[in-house]
Amino acid sequence: MAEFNSAEHPHRRYNPLSGEWILVSPHRSKRPWQGQQEKTAAEVRPAYDPTCYLCPGNTRANGAVNPPYEGTFVFDNDFAALVPDVPAGSINVGGLLRAEAESGVGRVICFSPRHDLTLPEMATSDIRRVVDVWIDEYTTLGSRPDINYVQIFENKGQAMGASNPHPHGQIWAQRTVPVEPAKETVQQAAYFAEHGRSLLTDYLAIEVKEQTRVVLENEHFVVVVPYWAVWPFETLLVPRRHVQDVTQLTDAEKDAFADILRQLTIRYDNLFEISFPYSAGLHQRPTDGQAHESWHFHMHFFPPLLRSATVRKFMVGYEMLGNPQRDVTPEFAAERLRSLPDVHYKQTAKQE
């Protein structure tokens, strides 16, 4: 029998952050595609849209009027999934039908007053302002006694359910720690207790040495397609220094964070020469008053597109009933992203 080759043969990979496994089937990437193809959204948008409820000076659905903001703008979500004034209460029927009241806060962050810009088309200095807002919001919301986790994220593009194309992100801050960061809390704590170092410190050392899954790196941050990636072009952005949350970043690290965010999202857009959809979010320690020394701040990017601007990955069948599965190997995906130019394709077109 031939020797096992992870670039050719089906195999499982372990995700140490979640404690779960995924199935990798590289041979399936060669199969023809006759499934659903997505419609691509129109690329041309005005700098200001009078009908957009996020543009400066416009009226939102609840009647509030946005100020004529010139940088970032943060406000309480008019249709938040979490609200602060929830009566305490619970349901427990035989230990099987269980529910608990959950309170929290939902906020919206407009990255720019420009309706036609996304992160890869913004100046690094403007992205740095977004980073500063993330830090301020994490600090302010996390200091509240009723908030034990602050989830900062962005849904970009219609394919990821974004209800408005204006560049913006969200914050859901709540009483309990959500499922995914709760898994990462357990896994990182167990690793730290055994090794005395953060899980991502040791993982990053392997990735930087091997280089096969590294997409980008600068003095303070590294972007990899994680060894256990589920989504075709999923990436993990990790600071080289072990910090538990964004409040611990130095000014130089904040600048480097903004720079690598821009460089990564440019490569995403350049991959299929579209405004690349994704869900992305910051994972950092809970704000429950505990030190969580084992936590290592990082950022996940989960983009759905698989083969082109119109073919996406779906979580169906086996993945809903068994465990996640991918066809394109993380090594192949990293090479694709790594080889792309660092100038946005729209800028290249203008120069030509």
# chains A, B, ... in the order shown; residues from 1 in each chain; ligands from 1
call {"tool": "select_by_dssp", "arguments": {"residues": "stretch 81-264 of chain A", "states": "strand (DSSP E or B)", "output": "ChimeraX atom specification"}}
result
/A:90-93,97-100,104-110,149-156,168-174,214-217,221-224,235-239
call {"tool": "residues_around", "arguments": {"residues": "A:Leu119", "least_positions_apart": "4", "cutoff": "8 Å", "atoms": "only C-alpha atoms", "output": "list in words"}}
result
Phe111, Ile127, Pro167, Leu261, Arg262 and Thr265 of chain A
call {"tool": "select_by_dssp", "arguments": {"residues": "stretch 177-342 of chain A", "states": "alpha helix (DSSP H)", "output": "PDB file with C-alpha atoms, in the first residue's frame"}}
result
ATOM      1  CA  VAL A 179     -20.244  28.291  23.392  1.00  0.00           C
ATOM      2  CA  GLU A 180     -17.191  28.796  21.142  1.00  0.00           C
ATOM      3  CA  PRO A 181     -15.095  31.003  23.466  1.00  0.00           C
ATOM      4  CA  ALA A 182     -16.157  28.764  26.360  1.00  0.00           C
ATOM      5  CA  LYS A 183     -14.605  25.777  24.539  1.00  0.00           C
ATOM      6  CA  GLU A 184     -11.443  27.782  23.907  1.00  0.00           C
ATOM      7  CA  THR A 185     -11.301  28.799  27.581  1.00  0.00           C
ATOM      8  CA  VAL A 186     -11.309  25.154  28.681  1.00  0.00           C
ATOM      9  CA  GLN A 187      -8.781  24.011  26.065  1.00  0.00           C
ATOM     10  CA  GLN A 188      -6.342  26.861  26.630  1.00  0.00           C
ATOM     11  CA  ALA A 189      -6.522  26.524  30.419  1.00  0.00           C
ATOM     12  CA  ALA A 190      -5.768  22.796  30.226  1.00  0.00           C
ATOM     13  CA  TYR A 191      -2.789  23.363  27.908  1.00  0.00           C
ATOM     14  CA  PHE A 192      -1.403  26.194  30.051  1.00  0.00           C
ATOM     15  CA  ALA A 193      -1.718  24.121  33.212  1.00  0.00           C
ATOM     16  CA  GLU A 194       0.300  21.300  31.614  1.00  0.00           C
ATOM     17  CA  HIS A 195       2.942  23.286  29.738  1.00  0.00           C
ATOM     18  CA  LEU A 199      -1.457  27.036  23.470  1.00  0.00           C
ATOM     19  CA  LEU A 200      -1.216  29.595  20.662  1.00  0.00           C
ATOM     20  CA  THR A 201       2.364  30.544  21.586  1.00  0.00           C
ATOM     21  CA  ASP A 202       3.482  26.969  20.944  1.00  0.00           C
ATOM     22  CA  TYR A 203       1.212  26.558  17.910  1.00  0.00           C
ATOM     23  CA  LEU A 204       2.547  29.761  16.346  1.00  0.00           C
ATOM     24  CA  ALA A 205       6.136  28.589  16.863  1.00  0.00           C
ATOM     25  CA  ILE A 206       5.369  25.476  14.781  1.00  0.00           C
ATOM     26  CA  GLU A 207       3.640  27.444  12.029  1.00  0.00           C
ATOM     27  CA  VAL A 208       6.390  30.058  11.765  1.00  0.00           C
ATOM     28  CA  LYS A 209       9.009  27.304  11.558  1.00  0.00           C
ATOM     29  CA  GLU A 210       7.141  25.282   8.909  1.00  0.00           C
ATOM     30  CA  ASP A 251       0.762  51.311  20.268  1.00  0.00           C
ATOM     31  CA  ALA A 252       3.185  49.564  17.915  1.00  0.00           C
ATOM     32  CA  GLU A 253       1.131  46.371  18.124  1.00  0.00           C
ATOM     33  CA  LYS A 254      -2.102  48.272  17.438  1.00  0.00           C
ATOM     34  CA  ASP A 255      -0.518  49.766  14.318  1.00  0.00           C
ATOM     35  CA  ALA A 256       0.703  46.325  13.242  1.00  0.00           C
ATOM     36  CA  PHE A 257      -2.762  44.869  13.886  1.00  0.00           C
ATOM     37  CA  ALA A 258      -4.362  47.489  11.626  1.00  0.00           C
ATOM     38  CA  ASP A 259      -1.719  46.929   8.951  1.00  0.00           C
ATOM     39  CA  ILE A 260      -2.082  43.158   8.838  1.00  0.00           C
ATOM     40  CA  LEU A 261      -5.893  43.423   8.822  1.00  0.00           C
ATOM     41  CA  ARG A 262      -5.651  45.566   5.710  1.00  0.00           C
ATOM     42  CA  GLN A 263      -3.132  43.258   4.046  1.00  0.00           C
ATOM     43  CA  LEU A 264      -5.192  40.143   4.763  1.00  0.00           C
ATOM     44  CA  THR A 265      -8.488  41.578   3.547  1.00  0.00           C
ATOM     45  CA  ILE A 266      -6.787  42.896   0.394  1.00  0.00           C
ATOM     46  CA  ARG A 267      -5.681  39.355  -0.381  1.00  0.00           C
ATOM     47  CA  TYR A 268      -9.198  38.073   0.238  1.00  0.00           C
ATOM     48  CA  ASP A 269     -10.597  40.592  -2.267  1.00  0.00           C
ATOM     49  CA  ASN A 270      -7.833  39.797  -4.762  1.00  0.00           C
ATOM     50  CA  LEU A 271      -8.497  36.041  -4.620  1.00  0.00           C
ATOM     51  CA  PHE A 272     -11.575  36.210  -6.861  1.00  0.00           C
ATOM     52  CA  TYR A 318     -22.437  14.721   7.064  1.00  0.00           C
ATOM     53  CA  GLU A 319     -21.177  18.024   8.467  1.00  0.00           C
ATOM     54  CA  MET A 320     -24.440  18.623  10.307  1.00  0.00           C
ATOM     55  CA  LEU A 321     -24.760  15.008  11.426  1.00  0.00           C
ATOM     56  CA  PRO A 330      -5.122  24.320   4.484  1.00  0.00           C
ATOM     57  CA  GLU A 331      -1.667  24.160   2.890  1.00  0.00           C
ATOM     58  CA  PHE A 332      -3.115  24.731  -0.607  1.00  0.00           C
ATOM     59  CA  ALA A 333      -5.351  27.556   0.643  1.00  0.00           C
ATOM     60  CA  ALA A 334      -2.430  29.290   2.365  1.00  0.00           C
ATOM     61  CA  GLU A 335      -0.337  29.113  -0.791  1.00  0.00           C
ATOM     62  CA  ARG A 336      -3.171  30.650  -2.825  1.00  0.00           C
ATOM     63  CA  LEU A 337      -3.583  33.545  -0.390  1.00  0.00           C
ATOM     64  CA  ARG A 338       0.153  34.014   0.162  1.00  0.00           C
TER      65      ARG A 338
END
call {"tool": "atom_distance", "arguments": {"atom1": "atom CA of A:Asp78", "atom2": "atom CA of A:Asn62"}}
result
6.7 Å
call {"tool": "closest_residue", "arguments": {"among": "A:Val93, A:Ala123, A:Ala229, A:Val133", "to": "A:Ser18", "atoms": "only C-alpha atoms"}}
result
A:Ala229
call {"tool": "atom_distance", "arguments": {"atom1": "atom CA of A:Asp126", "atom2": "atom CA of A:Ser275"}}
result
18.5 Å
call {"tool": "atom_distance", "arguments": {"atom1": "atom CA of A:Glu102", "atom2": "atom CA of A:Gly89"}}
result
8.9 Å
call {"tool": "residues_around", "arguments": {"residues": "A:Thr72", "least_positions_apart": "5", "cutoff": "7 Å", "atoms": "only C-alpha atoms", "output": "CSV table (one decimal) with N, CA and C atoms, in the first residue's frame"}}
result
chain,number,residue,atom,x,y,z
A,109,ILE,N,-20.9,49.2,15.0
A,109,ILE,CA,-19.7,50.1,14.8
A,109,ILE,C,-19.6,50.4,13.3
A,110,CYS,N,-19.9,51.6,12.9
A,110,CYS,CA,-19.6,52.0,11.5
A,110,CYS,C,-18.1,52.3,11.4
A,111,PHE,N,-17.5,51.6,10.4
A,111,PHE,CA,-16.0,51.7,10.3
A,111,PHE,C,-15.6,53.0,9.7
A,112,SER,N,-16.5,53.5,8.8
A,112,SER,CA,-16.2,54.7,8.0
A,112,SER,C,-17.5,55.4,7.6
A,130,VAL,N,-10.5,52.0,14.0
A,130,VAL,CA,-11.5,50.9,14.2
A,130,VAL,C,-10.9,50.0,15.4
call {"tool": "closest_residue", "arguments": {"among": "A:Val131, A:Arg107, A:Glu273, A:Gln325", "to": "A:Thr348", "atoms": "only C-alpha atoms"}}
result
A:Glu273
call {"tool": "closest_residue", "arguments": {"among": "A:Ile22, A:Ile274, A:Ala173, A:Val108", "to": "A:Trp231", "atoms": "only C-alpha atoms"}}
result
A:Ile22
call {"tool": "residues_around", "arguments": {"residues": "stretch 145-147 of chain A", "least_positions_apart": "6", "cutoff": "7 Å", "atoms": "only C-alpha atoms", "output": "list in words"}}
result
Gly104, Ala173, Gln174, Arg175 and Thr287 of chain A
call {"tool": "closest_residue", "arguments": {"among": "A:Thr59, A:Ser198, A:Thr329, A:Gln248", "to": "A:Glu234", "atoms": "only C-alpha atoms"}}
result
A:Thr329
call {"tool": "closest_residue", "arguments": {"among": "A:Met299, A:Leu236, A:Pro113, A:Thr247", "to": "A:Thr140", "atoms": "only C-alpha atoms"}}
result
A:Thr247
call {"tool": "closest_residue", "arguments": {"among": "A:Asn164, A:Gln151, A:Thr118, A:Ser294", "to": "A:His344", "atoms": "only C-alpha atoms"}}
result
A:Thr118
call {"tool": "residues_around", "arguments": {"residues": "A:His115", "least_positions_apart": "2", "cutoff": "9 Å", "atoms": "only C-alpha atoms", "output": "list of chain:residue names"}}
result
A:Arg45, A:Pro46, A:Ala47, A:Tyr48, A:Asp49, A:Cys52, A:Leu54, A:Cys55, A:Ser112, A:Pro113, A:Leu117, A:Thr118, A:Pro165, A:His166, A:Pro167
call {"tool": "write_last_selection", "arguments": {"atoms": "C-alpha atoms", "output": "PDB file, in the first residue's frame"}}
result
ATOM      1  CA  ARG A  45     -21.675  51.911  -4.650  1.00  0.00           C
ATOM      2  CA  PRO A  46     -21.883  55.636  -3.983  1.00  0.00           C
ATOM      3  CA  ALA A  47     -19.747  57.252  -1.277  1.00  0.00           C
ATOM      4  CA  TYR A  48     -23.007  58.381   0.317  1.00  0.00           C
ATOM      5  CA  ASP A  49     -26.405  56.669   0.028  1.00  0.00           C
ATOM      6  CA  CYS A  52     -28.715  53.862   3.969  1.00  0.00           C
ATOM      7  CA  LEU A  54     -25.815  53.801   8.568  1.00  0.00           C
ATOM      8  CA  CYS A  55     -24.614  56.760   6.492  1.00  0.00           C
ATOM      9  CA  SER A 112     -16.172  54.724   8.011  1.00  0.00           C
ATOM     10  CA  PRO A 113     -18.607  57.414   6.855  1.00  0.00           C
ATOM     11  CA  LEU A 117     -15.479  51.369   1.395  1.00  0.00           C
ATOM     12  CA  THR A 118     -14.649  48.127   3.188  1.00  0.00           C
ATOM     13  CA  PRO A 165     -23.341  46.986   2.654  1.00  0.00           C
ATOM     14  CA  HIS A 166     -22.103  50.028   4.585  1.00  0.00           C
ATOM     15  CA  PRO A 167     -18.809  48.997   6.284  1.00  0.00           C
TER      16      PRO A 167
END
call {"tool": "residues_around", "arguments": {"residues": "A:Ser279", "least_positions_apart": "2", "cutoff": "7 Å", "atoms": "only C-alpha atoms", "output": "MDAnalysis selection string"}}
result
chainID A and resid 154:156 160 281 301:303
call {"tool": "write_last_selection", "arguments": {"atoms": "all heavy atoms", "output": "mmCIF file, in the first residue's frame"}}
result
data_model
loop_
_atom_site.group_PDB
_atom_site.id
_atom_site.type_symbol
_atom_site.label_atom_id
_atom_site.label_comp_id
_atom_site.auth_asym_id
_atom_site.auth_seq_id
_atom_site.Cartn_x
_atom_site.Cartn_y
_atom_site.Cartn_z
ATOM 1 N N GLU A 154 -17.599 40.957 12.638
ATOM 2 C CA GLU A 154 -18.067 41.589 11.405
ATOM 3 C C GLU A 154 -18.624 40.518 10.485
ATOM 4 O O GLU A 154 -17.976 39.503 10.240
ATOM 5 C CB GLU A 154 -16.929 42.326 10.683
ATOM 6 C CG GLU A 154 -17.363 42.944 9.358
ATOM 7 C CD GLU A 154 -16.214 43.391 8.459
ATOM 8 O OE1 GLU A 154 -15.040 43.133 8.808
ATOM 9 O OE2 GLU A 154 -16.486 43.993 7.405
ATOM 10 N N ASN A 155 -19.824 40.745 9.956
ATOM 11 C CA ASN A 155 -20.363 39.951 8.861
ATOM 12 C C ASN A 155 -20.256 40.798 7.608
ATOM 13 O O ASN A 155 -20.903 41.843 7.500
ATOM 14 C CB ASN A 155 -21.831 39.587 9.101
ATOM 15 C CG ASN A 155 -22.007 38.618 10.244
ATOM 16 O OD1 ASN A 155 -21.161 37.755 10.467
ATOM 17 N ND2 ASN A 155 -23.085 38.736 10.978
ATOM 18 N N LYS A 156 -19.444 40.367 6.660
ATOM 19 C CA LYS A 156 -19.235 41.155 5.445
ATOM 20 C C LYS A 156 -19.869 40.451 4.252
ATOM 21 O O LYS A 156 -19.577 39.282 3.990
ATOM 22 C CB LYS A 156 -17.741 41.350 5.192
ATOM 23 C CG LYS A 156 -17.442 42.185 3.941
ATOM 24 C CD LYS A 156 -15.969 42.143 3.590
ATOM 25 C CE LYS A 156 -15.720 42.856 2.266
ATOM 26 N NZ LYS A 156 -14.383 42.558 1.710
ATOM 27 N N MET A 160 -22.912 36.329 3.732
ATOM 28 C CA MET A 160 -22.819 36.089 5.168
ATOM 29 C C MET A 160 -23.962 36.754 5.934
ATOM 30 O O MET A 160 -23.901 36.917 7.149
ATOM 31 C CB MET A 160 -21.470 36.585 5.712
ATOM 32 C CG MET A 160 -20.275 35.889 5.089
ATOM 33 S SD MET A 160 -20.389 34.090 5.048
ATOM 34 C CE MET A 160 -20.308 33.689 6.781
ATOM 35 N N GLY A 281 -14.173 37.604 13.700
ATOM 36 C CA GLY A 281 -14.393 38.071 15.056
ATOM 37 C C GLY A 281 -13.190 37.892 15.950
ATOM 38 O O GLY A 281 -12.325 37.045 15.704
ATOM 39 N N PHE A 301 -11.175 34.426 10.868
ATOM 40 C CA PHE A 301 -11.860 34.811 9.638
ATOM 41 C C PHE A 301 -12.453 33.553 9.018
ATOM 42 O O PHE A 301 -11.722 32.592 8.739
ATOM 43 C CB PHE A 301 -10.891 35.464 8.644
ATOM 44 C CG PHE A 301 -10.589 36.904 8.941
ATOM 45 C CD1 PHE A 301 -9.661 37.231 9.924
ATOM 46 C CD2 PHE A 301 -11.224 37.934 8.264
ATOM 47 C CE1 PHE A 301 -9.376 38.557 10.219
ATOM 48 C CE2 PHE A 301 -10.943 39.260 8.550
ATOM 49 C CZ PHE A 301 -10.023 39.570 9.528
ATOM 50 N N PHE A 302 -13.762 33.570 8.796
ATOM 51 C CA PHE A 302 -14.462 32.429 8.220
ATOM 52 C C PHE A 302 -15.142 32.853 6.911
ATOM 53 O O PHE A 302 -16.283 33.309 6.904
ATOM 54 C CB PHE A 302 -15.519 31.893 9.190
ATOM 55 C CG PHE A 302 -14.973 31.463 10.532
ATOM 56 C CD1 PHE A 302 -15.516 31.971 11.700
ATOM 57 C CD2 PHE A 302 -13.939 30.549 10.627
ATOM 58 C CE1 PHE A 302 -15.031 31.570 12.939
ATOM 59 C CE2 PHE A 302 -13.447 30.146 11.859
ATOM 60 C CZ PHE A 302 -13.994 30.662 13.016
ATOM 61 N N PRO A 303 -14.448 32.726 5.772
ATOM 62 C CA PRO A 303 -15.050 33.085 4.487
ATOM 63 C C PRO A 303 -15.666 31.855 3.806
ATOM 64 O O PRO A 303 -15.089 30.766 3.845
ATOM 65 C CB PRO A 303 -13.869 33.621 3.683
ATOM 66 C CG PRO A 303 -12.640 33.112 4.373
ATOM 67 C CD PRO A 303 -13.022 32.433 5.644
#
